[in-house]
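> coords08.csv is reproduced in full below (CSV, C-alpha atoms).
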```csv
chain,number,residue,atom,x,y,z
A,1,MET,CA,0.0,0.0,0.0
A,2,ILE,CA,2.8,2.4,0.9
A,3,ARG,CA,4.7,1.4,-2.3
A,4,TRP,CA,1.6,2.2,-4.4
A,5,LEU,CA,1.2,5.6,-2.7
A,6,ALA,CA,4.9,6.3,-3.4
A,7,TRP,CA,4.4,5.5,-7.1
A,8,ILE,CA,1.3,7.7,-7.2
A,9,LEU,CA,3.4,10.6,-5.9
A,10,ILE,CA,6.5,10.0,-7.9
A,11,CYS,CA,5.1,9.0,-11.3
A,12,PRO,CA,3.8,12.4,-12.4
A,13,ALA,CA,7.3,13.8,-11.9
A,14,VAL,CA,8.9,11.0,-13.8
A,15,TRP,CA,6.4,11.1,-16.6
A,16,SER,CA,6.9,14.8,-17.1
A,17,GLN,CA,10.6,14.4,-17.8
A,18,GLN,CA,11.5,13.9,-21.4
A,19,SER,CA,14.6,13.2,-23.4
A,20,ILE,CA,15.5,12.7,-27.0
A,21,TRP,CA,16.4,9.1,-26.7
A,22,PRO,CA,14.8,6.5,-24.3
A,23,ALA,CA,17.0,4.7,-21.8
A,24,SER,CA,16.6,1.5,-23.9
A,25,THR,CA,18.5,3.0,-26.8
A,26,VAL,CA,22.0,1.5,-27.3
A,27,PRO,CA,24.3,3.1,-29.9
A,28,ALA,CA,25.6,1.0,-32.7
A,29,ASN,CA,29.1,2.2,-31.9
A,30,SER,CA,29.3,2.9,-28.2
A,31,SER,CA,33.1,3.3,-27.9
A,32,PHE,CA,35.0,5.0,-30.7
A,33,PRO,CA,38.7,4.2,-30.5
A,34,ASP,CA,39.8,7.8,-30.0
A,35,THR,CA,41.4,8.6,-26.6
A,36,THR,CA,41.8,12.3,-27.1
A,37,SER,CA,40.2,14.6,-24.5
A,38,VAL,CA,37.1,16.1,-26.2
A,39,GLU,CA,33.8,17.9,-25.7
A,40,LEU,CA,30.9,16.3,-27.5
A,41,GLY,CA,27.5,17.8,-28.1
A,42,VAL,CA,24.2,17.8,-29.9
A,43,LYS,CA,22.1,20.7,-31.2
A,44,PHE,CA,18.5,20.5,-30.2
A,45,ARG,CA,15.3,22.4,-29.8
A,46,SER,CA,11.9,22.0,-28.1
A,47,ASP,CA,8.5,22.8,-29.5
A,48,VAL,CA,7.5,24.2,-26.2
A,49,ALA,CA,9.1,26.2,-23.5
A,50,GLY,CA,10.3,24.4,-20.4
A,51,GLN,CA,13.3,23.7,-18.3
A,52,ILE,CA,16.4,21.7,-18.9
A,53,THR,CA,17.2,20.0,-15.6
A,54,GLY,CA,20.2,17.9,-16.6
A,55,ILE,CA,22.4,16.2,-19.2
A,56,ARG,CA,22.6,12.6,-20.4
A,57,PHE,CA,25.1,10.7,-22.4
A,58,TYR,CA,25.8,7.2,-23.4
A,59,LYS,CA,28.9,5.7,-21.9
A,60,GLY,CA,30.7,2.9,-23.6
A,61,THR,CA,33.7,0.9,-22.6
A,62,GLY,CA,36.8,3.0,-21.9
A,63,ASN,CA,34.9,6.3,-21.6
A,64,GLY,CA,36.5,7.0,-18.2
A,65,GLY,CA,37.6,10.0,-16.2
A,66,THR,CA,35.4,12.8,-14.8
A,67,HIS,CA,32.6,13.8,-17.1
A,68,ILE,CA,31.2,17.3,-17.2
A,69,GLY,CA,27.8,18.1,-18.7
A,70,ASN,CA,27.0,21.5,-20.2
A,71,LEU,CA,24.1,23.4,-21.7
A,72,TRP,CA,24.9,26.3,-24.1
A,73,ASN,CA,23.0,28.8,-26.2
A,74,VAL,CA,24.0,29.2,-29.8
A,75,ALA,CA,26.2,32.1,-29.0
A,76,GLY,CA,28.4,29.8,-26.9
A,77,THR,CA,27.4,31.1,-23.5
A,78,ARG,CA,27.4,28.3,-21.0
A,79,LEU,CA,23.9,28.3,-19.3
A,80,ALA,CA,24.6,25.5,-16.8
A,81,THR,CA,27.2,22.9,-15.9
A,82,VAL,CA,27.3,19.8,-13.8
A,83,THR,CA,29.9,17.2,-12.9
A,84,PHE,CA,28.7,13.6,-13.3
A,85,ALA,CA,29.0,11.5,-10.2
A,86,GLY,CA,28.1,7.9,-9.3
A,87,GLU,CA,28.3,6.7,-12.9
A,88,SER,CA,27.7,3.1,-13.9
A,89,GLY,CA,30.3,1.2,-16.0
A,90,THR,CA,28.4,1.6,-19.2
A,91,GLY,CA,25.0,2.8,-20.4
A,92,TRP,CA,23.2,6.1,-20.2
A,93,GLN,CA,24.5,8.4,-17.5
A,94,GLN,CA,22.5,11.4,-16.2
A,95,ALA,CA,23.4,14.4,-14.0
A,96,LEU,CA,21.1,17.1,-12.9
A,97,PHE,CA,22.0,20.8,-12.7
A,98,ALA,CA,21.9,22.6,-9.4
A,99,ALA,CA,19.2,24.8,-10.8
A,100,PRO,CA,17.0,24.0,-13.9
A,101,VAL,CA,17.5,26.3,-16.9
A,102,SER,CA,14.5,27.8,-18.7
A,103,ILE,CA,14.6,27.3,-22.4
A,104,ALA,CA,12.4,29.0,-25.0
A,105,ALA,CA,10.3,27.2,-27.6
A,106,GLY,CA,11.7,26.8,-31.1
A,107,THR,CA,15.2,28.0,-30.1
A,108,GLN,CA,18.3,26.0,-30.7
A,109,TYR,CA,20.5,25.0,-27.8
A,110,ILE,CA,23.6,22.7,-27.5
A,111,ALA,CA,23.9,20.0,-24.9
A,112,SER,CA,27.4,18.6,-24.4
A,113,TYR,CA,29.6,16.6,-22.2
A,114,PHE,CA,33.4,16.6,-21.6
A,115,ALA,CA,35.1,13.2,-22.0
A,116,PRO,CA,38.7,13.6,-20.8
A,117,LEU,CA,39.7,10.1,-22.0
A,118,GLY,CA,37.8,9.9,-25.2
A,119,ARG,CA,36.3,6.5,-26.2
A,120,TYR,CA,33.0,8.2,-26.7
A,121,ALA,CA,29.9,6.7,-28.4
A,122,ALA,CA,29.8,7.9,-32.1
A,123,ASN,CA,27.8,7.0,-35.1
A,124,SER,CA,28.8,8.8,-38.3
A,125,ALA,CA,26.4,10.1,-41.0
A,126,PHE,CA,23.6,10.1,-38.4
A,127,PHE,CA,22.3,13.6,-38.8
A,128,ALA,CA,23.1,13.9,-42.5
A,129,SER,CA,19.6,13.4,-43.9
A,130,THR,CA,17.4,13.4,-40.8
A,131,GLY,CA,17.1,14.6,-37.3
A,132,VAL,CA,15.6,12.8,-34.3
A,133,ASP,CA,12.1,13.8,-33.4
A,134,ASN,CA,10.7,12.9,-30.1
A,135,PRO,CA,8.3,15.7,-29.6
A,136,PRO,CA,8.5,18.2,-28.1
A,137,LEU,CA,12.3,17.5,-28.4
A,138,HIS,CA,14.2,17.5,-31.6
A,139,ALA,CA,17.9,16.7,-32.3
A,140,LEU,CA,18.5,18.8,-35.4
A,141,GLN,CA,19.4,17.5,-38.9
A,142,ASN,CA,22.3,19.1,-40.7
A,143,GLY,CA,21.0,22.3,-42.4
A,144,ALA,CA,20.5,25.9,-41.8
A,145,ASN,CA,21.8,25.6,-38.2
A,146,GLY,CA,25.0,24.0,-39.4
A,147,GLY,CA,26.2,20.5,-38.8
A,148,ASN,CA,25.2,18.2,-36.0
A,149,GLY,CA,26.6,16.8,-33.8
A,150,VAL,CA,29.4,18.9,-32.6
A,151,PHE,CA,32.7,18.4,-30.9
A,152,ARG,CA,35.9,20.2,-29.8
A,153,TYR,CA,39.2,18.7,-29.0
A,154,THR,CA,40.2,20.4,-25.7
A,155,ALA,CA,42.0,19.8,-22.5
A,156,VAL,CA,39.2,21.4,-20.5
A,157,SER,CA,35.5,21.6,-21.0
A,158,ALA,CA,34.6,24.1,-23.7
A,159,PHE,CA,32.0,25.0,-26.2
A,160,PRO,CA,32.0,22.5,-29.1
A,161,THR,CA,31.8,24.1,-32.5
A,162,SER,CA,33.4,21.6,-34.9
A,163,THR,CA,31.5,19.0,-36.9
A,164,PHE,CA,32.6,15.9,-38.7
A,165,ASN,CA,30.5,13.6,-41.0
A,166,SER,CA,27.2,14.3,-39.2
A,167,THR,CA,28.3,12.2,-36.3
A,168,ASN,CA,25.9,11.5,-33.4
A,169,TYR,CA,27.8,11.5,-30.1
A,170,TRP,CA,24.7,10.4,-28.2
A,171,VAL,CA,24.3,13.4,-25.9
A,172,ASP,CA,20.9,14.1,-24.5
A,173,VAL,CA,19.0,16.3,-22.1
A,174,VAL,CA,16.5,16.0,-19.3
A,175,PHE,CA,13.6,18.3,-20.1
A,176,VAL,CA,10.5,19.3,-18.2
A,177,PRO,CA,7.9,21.1,-20.3
A,178,SER,CA,6.3,24.2,-18.8
A,179,GLY,CA,2.9,23.5,-17.4
A,180,GLY,CA,-0.2,25.6,-17.2
A,181,GLY,CA,-0.2,26.9,-20.7
A,182,GLY,CA,2.7,29.2,-20.2
A,183,GLY,CA,4.1,31.5,-22.9
A,184,SER,CA,6.1,29.6,-25.4
A,185,LEU,CA,7.5,32.1,-27.9
A,186,PRO,CA,10.9,33.7,-27.7
A,187,PRO,CA,11.0,37.3,-28.9
A,188,ALA,CA,11.8,38.0,-32.5
A,189,PRO,CA,15.5,38.6,-33.0
A,190,ALA,CA,17.0,42.1,-33.6
A,191,THR,CA,17.7,42.8,-37.3
A,192,ALA,CA,19.9,44.9,-39.5
A,193,LEU,CA,22.9,44.7,-37.2
A,194,SER,CA,25.6,47.1,-38.5
A,195,VAL,CA,29.1,47.9,-37.2
A,196,ALA,CA,31.3,50.9,-37.7
A,197,VAL,CA,34.8,51.6,-36.4
A,198,HIS,CA,35.6,55.0,-34.8
B,1,MET,CA,60.2,68.2,-9.3
B,2,HIS,CA,62.0,66.5,-12.2
B,3,ILE,CA,60.8,63.1,-11.1
B,4,LEU,CA,57.2,64.2,-11.0
B,5,PHE,CA,57.5,65.7,-14.4
B,6,GLY,CA,59.0,62.5,-15.7
B,7,LEU,CA,56.2,60.4,-14.2
B,8,LEU,CA,53.6,62.6,-15.8
B,9,ILE,CA,55.3,62.2,-19.2
B,10,ALA,CA,55.5,58.4,-18.7
B,11,CYS,CA,51.9,58.1,-17.7
B,12,SER,CA,50.8,60.2,-20.7
B,13,LEU,CA,52.9,58.1,-23.1
B,14,PHE,CA,51.5,54.8,-21.7
B,15,SER,CA,48.0,56.1,-21.9
B,16,SER,CA,48.5,57.1,-25.5
B,17,TYR,CA,50.1,53.8,-26.3
B,18,ALA,CA,47.2,51.8,-24.7
B,19,SER,CA,44.5,53.8,-26.5
B,20,ALA,CA,46.5,53.5,-29.7
B,21,GLN,CA,46.1,49.7,-29.6
B,22,THR,CA,42.3,49.7,-29.4
B,23,ARG,CA,39.5,51.4,-31.1
B,24,THR,CA,35.8,51.7,-30.7
B,25,VAL,CA,33.4,49.6,-32.7
B,26,SER,CA,29.9,51.1,-32.7
B,27,LEU,CA,27.0,48.7,-33.2
B,28,SER,CA,23.5,49.5,-34.1
B,29,TRP,CA,20.5,47.4,-34.9
B,30,THR,CA,16.8,47.4,-35.5
B,31,ALA,CA,14.7,46.6,-32.5
B,32,SER,CA,12.9,43.2,-32.1
B,33,ALA,CA,9.4,43.3,-33.4
B,34,SER,CA,8.1,41.5,-30.3
B,35,THR,CA,6.4,43.2,-27.4
B,36,GLY,CA,7.7,42.6,-24.0
B,37,VAL,CA,11.4,42.8,-24.9
B,38,THR,CA,13.3,44.3,-22.0
B,39,GLY,CA,16.7,44.7,-23.6
B,40,TYR,CA,19.4,43.3,-25.7
B,41,ASN,CA,22.6,41.3,-25.3
B,42,VAL,CA,25.7,41.8,-27.5
B,43,TYR,CA,28.1,38.9,-28.2
B,44,ARG,CA,31.5,39.0,-29.8
B,45,ALA,CA,33.8,36.3,-31.2
B,46,THR,CA,37.1,36.3,-33.0
B,47,SER,CA,35.8,33.6,-35.3
B,48,ALA,CA,32.5,33.5,-37.1
B,49,ALA,CA,32.0,30.0,-35.8
B,50,GLY,CA,32.3,31.3,-32.2
B,51,PRO,CA,32.5,30.8,-29.3
B,52,PHE,CA,30.8,34.1,-28.6
B,53,THR,CA,31.4,36.1,-25.4
B,54,LEU,CA,28.8,38.3,-23.8
B,55,LEU,CA,30.1,41.9,-23.8
B,56,ASN,CA,27.5,43.9,-21.8
B,57,THR,CA,27.3,43.5,-18.1
B,58,SER,CA,23.7,44.5,-17.9
B,59,GLN,CA,20.9,44.4,-20.5
B,60,ILE,CA,21.2,47.1,-23.1
B,61,SER,CA,18.0,49.2,-23.2
B,62,THR,CA,18.7,51.0,-26.5
B,63,THR,CA,19.6,49.7,-29.9
B,64,THR,CA,23.2,50.8,-29.9
B,65,TYR,CA,26.4,49.7,-28.2
B,66,ASN,CA,30.0,50.7,-28.3
B,67,ASP,CA,32.7,48.1,-28.0
B,68,VAL,CA,35.5,50.2,-26.7
B,69,MET,CA,38.1,47.4,-26.4
B,70,ALA,CA,38.4,46.4,-30.0
B,71,ALA,CA,42.0,45.5,-30.8
B,72,ILE,CA,43.5,47.0,-33.9
B,73,GLY,CA,44.1,44.4,-36.5
B,74,GLN,CA,41.7,41.9,-35.0
B,75,THR,CA,38.6,40.6,-36.9
B,76,TYR,CA,35.4,40.5,-34.8
B,77,THR,CA,32.0,39.0,-35.4
B,78,TYR,CA,29.1,40.4,-33.5
B,79,GLN,CA,25.6,39.1,-32.7
B,80,VAL,CA,22.7,40.6,-30.9
B,81,THR,CA,19.9,38.9,-29.1
B,82,ALA,CA,16.6,40.3,-27.8
B,83,VAL,CA,15.7,39.5,-24.2
B,84,ALA,CA,12.3,39.2,-22.7
B,85,PRO,CA,11.4,38.1,-19.1
B,86,PRO,CA,12.2,34.5,-18.2
B,87,CYS,CA,9.7,31.9,-19.3
B,88,THR,CA,7.7,30.6,-16.4
B,89,PRO,CA,4.6,28.4,-16.1
B,90,THR,CA,2.6,31.5,-15.5
B,91,THR,CA,3.8,33.5,-18.5
B,92,PRO,CA,0.7,34.4,-20.6
B,93,ALA,CA,0.6,32.4,-23.8
B,94,THR,CA,0.5,35.7,-25.8
B,95,SER,CA,3.7,37.0,-24.2
B,96,SER,CA,7.2,36.4,-25.5
B,97,CYS,CA,9.7,35.1,-23.0
B,98,GLY,CA,13.4,34.2,-22.8
B,99,GLU,CA,16.2,35.1,-25.2
B,100,SER,CA,15.7,35.4,-29.0
B,101,ALA,CA,17.7,33.7,-31.6
B,102,PRO,CA,20.8,35.7,-32.5
B,103,SER,CA,20.7,38.3,-35.2
B,104,VAL,CA,22.4,37.9,-38.5
B,105,PRO,CA,26.1,38.4,-37.5
B,106,ALA,CA,28.1,41.4,-38.5
B,107,THR,CA,31.9,41.2,-39.0
B,108,THR,CA,34.6,43.9,-39.1
B,109,THR,CA,38.3,44.1,-39.0
B,110,VAL,CA,39.6,46.9,-36.8
B,111,PRO,CA,41.9,49.1,-38.9
B,112,ALA,CA,44.8,51.1,-37.6
B,113,ARG,CA,44.2,54.7,-36.7
B,114,PRO,CA,44.9,57.1,-39.6
B,115,SER,CA,48.3,58.7,-39.1
B,116,ILE,CA,48.6,62.5,-38.8
B,117,THR,CA,51.7,64.3,-39.9
B,118,VAL,CA,52.3,67.6,-38.0
B,119,SER,CA,54.8,70.0,-39.4
B,120,VAL,CA,56.2,72.6,-37.1
B,121,THR,CA,58.2,75.5,-38.3
B,122,VAL,CA,60.3,77.4,-35.8
B,123,ALA,CA,61.5,80.8,-36.8
B,124,VAL,CA,64.6,82.1,-35.0
B,125,GLN,CA,64.9,85.8,-35.0
```
As structure tokens, how would this structure be written, given the file I've shared?

Amino acid sequence: MIRWLAWILICPAVWSQQSIWPASTVPANSSFPDTTSVELGVKFRSDVAGQITGIRFYKGTGNGGTHIGNLWNVAGTRLATVTFAGESGTGWQQALFAAPVSIAAGTQYIASYFAPLGRYAANSAFFASTGVDNPPLHALQNGANGGNGVFRYTAVSAFPTSTFNSTNYWVDVVFVPSGGGGGSLPPAPATALSVAVH
Amino acid sequence: MHILFGLLIACSLFSSYASAQTRTVSLSWTASASTGVTGYNVYRATSAAGPFTLLNTSQISTTTYNDVMAAIGQTYTYQVTAVAPPCTPTTPATSSCGESAPSVPATTTVPARPSITVSVTVAVQ
């Protein structure tokens, strides 16, 4: 009886969390033989406003060291960061930010993680002709937003900007949609930006 | 007295040297068409691919901004975003919230200052 009551209380919170890939997904290539320190990411957007509460990534054999999860806007500003703890040997890992980050609907963000020892999950040509749609979340296909996924060879965690062969590095988010019919449209961007040197 | 005079000259020369290495890049843009926009953020990068760094320390309430620390000879790419109040569950569905997509970027290379030649003629009588 107590167990049922606990599930009644917990399930709504669990159901409201969403990710691009389910926990049952296993990458075809879960451990790429590259041992270079690297930041790996995915460009994504949501159809609705909400909050990113954490970062997920798939960990294959040899992907060791201390992993750091990050959320960025397209300008490369780090919106939140978290250090993974208590990881399992392999499989999907998840770390939650100290404070959720509000994201706007229809706006691109980048989720990434830092893999100091490499050996990351990677499947090439993944985003070349299609994205991944798990509404309201979408991992973006190569296109107007540039290539996807993204990476950066770096000794410390940093904004990933490079792309190679549309490779999916199996990075994901934990997303909670806004409830109560909240506003969902980001403002229109500024236009006609001009610069002059004086 | 001579030491003080020397210090004044040294400070003056250093100040001139520092300002000679940087110039001001003036940015202007057309305001977001959305209502509820509270300000703008200006981002700068030394590569068009980023990463971009936020320049302003508080939201810009106008549609202009001066980057006073632009290094001569450096190429910069700028982007501007419009900012509305944070999205919350209670935000009305008709209101915009959060930060906009960045504007179309603008890039410039900061040229050296134009040189000025001053000729002084001294007549001895």
> For A:Gly118, which of A:Ile20, A:Ala158, A:Leu40, A:Ala196 is the closest residue, counting only C-alpha atoms?
A:Leu40
> Given the choices A:Ala49, A:Gly131, A:Gln93, A:Tyr120, which gets closest to B:Pro86 if the distance is worked out from all atoms listed in the file?
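Selected residue with least distance to B:Pro86: A:Ala49.
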> Please check the contacts: residues of chain B at most 6 Å away from chain A, using only C-alpha atoms, listed as a PDB file with C-alpha atoms, keeping the file's coordinate frame.

```pdb
ATOM      1  CA  THR B  24      35.800  51.700 -30.700  1.00  0.00           C
ATOM      2  CA  VAL B  25      33.400  49.600 -32.700  1.00  0.00           C
ATOM      3  CA  SER B  26      29.900  51.100 -32.700  1.00  0.00           C
ATOM      4  CA  LEU B  27      27.000  48.700 -33.200  1.00  0.00           C
ATOM      5  CA  SER B  28      23.500  49.500 -34.100  1.00  0.00           C
ATOM      6  CA  TRP B  29      20.500  47.400 -34.900  1.00  0.00           C
ATOM      7  CA  THR B  30      16.800  47.400 -35.500  1.00  0.00           C
ATOM      8  CA  ALA B  31      14.700  46.600 -32.500  1.00  0.00           C
ATOM      9  CA  SER B  32      12.900  43.200 -32.100  1.00  0.00           C
ATOM     10  CA  ALA B  33       9.400  43.300 -33.400  1.00  0.00           C
ATOM     11  CA  SER B  34       8.100  41.500 -30.300  1.00  0.00           C
ATOM     12  CA  PRO B  51      32.500  30.800 -29.300  1.00  0.00           C
ATOM     13  CA  PHE B  52      30.800  34.100 -28.600  1.00  0.00           C
ATOM     14  CA  THR B  81      19.900  38.900 -29.100  1.00  0.00           C
ATOM     15  CA  ALA B  82      16.600  40.300 -27.800  1.00  0.00           C
ATOM     16  CA  PRO B  89       4.600  28.400 -16.100  1.00  0.00           C
ATOM     17  CA  THR B  90       2.600  31.500 -15.500  1.00  0.00           C
ATOM     18  CA  THR B  91       3.800  33.500 -18.500  1.00  0.00           C
ATOM     19  CA  PRO B  92       0.700  34.400 -20.600  1.00  0.00           C
ATOM     20  CA  ALA B  93       0.600  32.400 -23.800  1.00  0.00           C
ATOM     21  CA  SER B  95       3.700  37.000 -24.200  1.00  0.00           C
ATOM     22  CA  SER B  96       7.200  36.400 -25.500  1.00  0.00           C
ATOM     23  CA  CYS B  97       9.700  35.100 -23.000  1.00  0.00           C
ATOM     24  CA  GLY B  98      13.400  34.200 -22.800  1.00  0.00           C
ATOM     25  CA  SER B 100      15.700  35.400 -29.000  1.00  0.00           C
ATOM     26  CA  ALA B 101      17.700  33.700 -31.600  1.00  0.00           C
ATOM     27  CA  SER B 103      20.700  38.300 -35.200  1.00  0.00           C
TER      28      SER B 103
END
```
> A:Trp170, A:Tyr58, A:Phe126, A:Phe151: which is nearest A:Ser37, counting all atoms listed in the file?
A:Phe151
> For the atom pair atom CA of A:Gln141 and atom CA of A:Ser157, what is the interatomic distance in Å to one decimal place?
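Result for atom CA of A:Gln141 versus atom CA of A:Ser157: 24.4 Å, one decimal.
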> Go ahead and compute the interatomic distance for atom CA of B:Pro85 and atom CA of B:Val68, in Å to one decimal.
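Value for the atom CA of B:Pro85-atom CA of B:Val68 distance: 28.0 Å.
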> Would you list the residues near (31.3, 33.4, -36.5) (no more than 9 Å away, in the coordinates of the file, using all atoms listed in the file) as a ChimeraX atom specification?
/B:44-52,76-79,105-107
> Rounded to one decimal place, report the atom CA of A:Asn165-atom CA of A:Gly143 distance in Å.
13.0 Å
> Excluding A:Phe114 and its own-chain neighbours fewer than 4 positions away, which residues fall within 6 Å of it when counting only C-alpha atoms? Please give them as JSON, numbers by chain.
{"A": [38, 39, 67, 68, 157]}
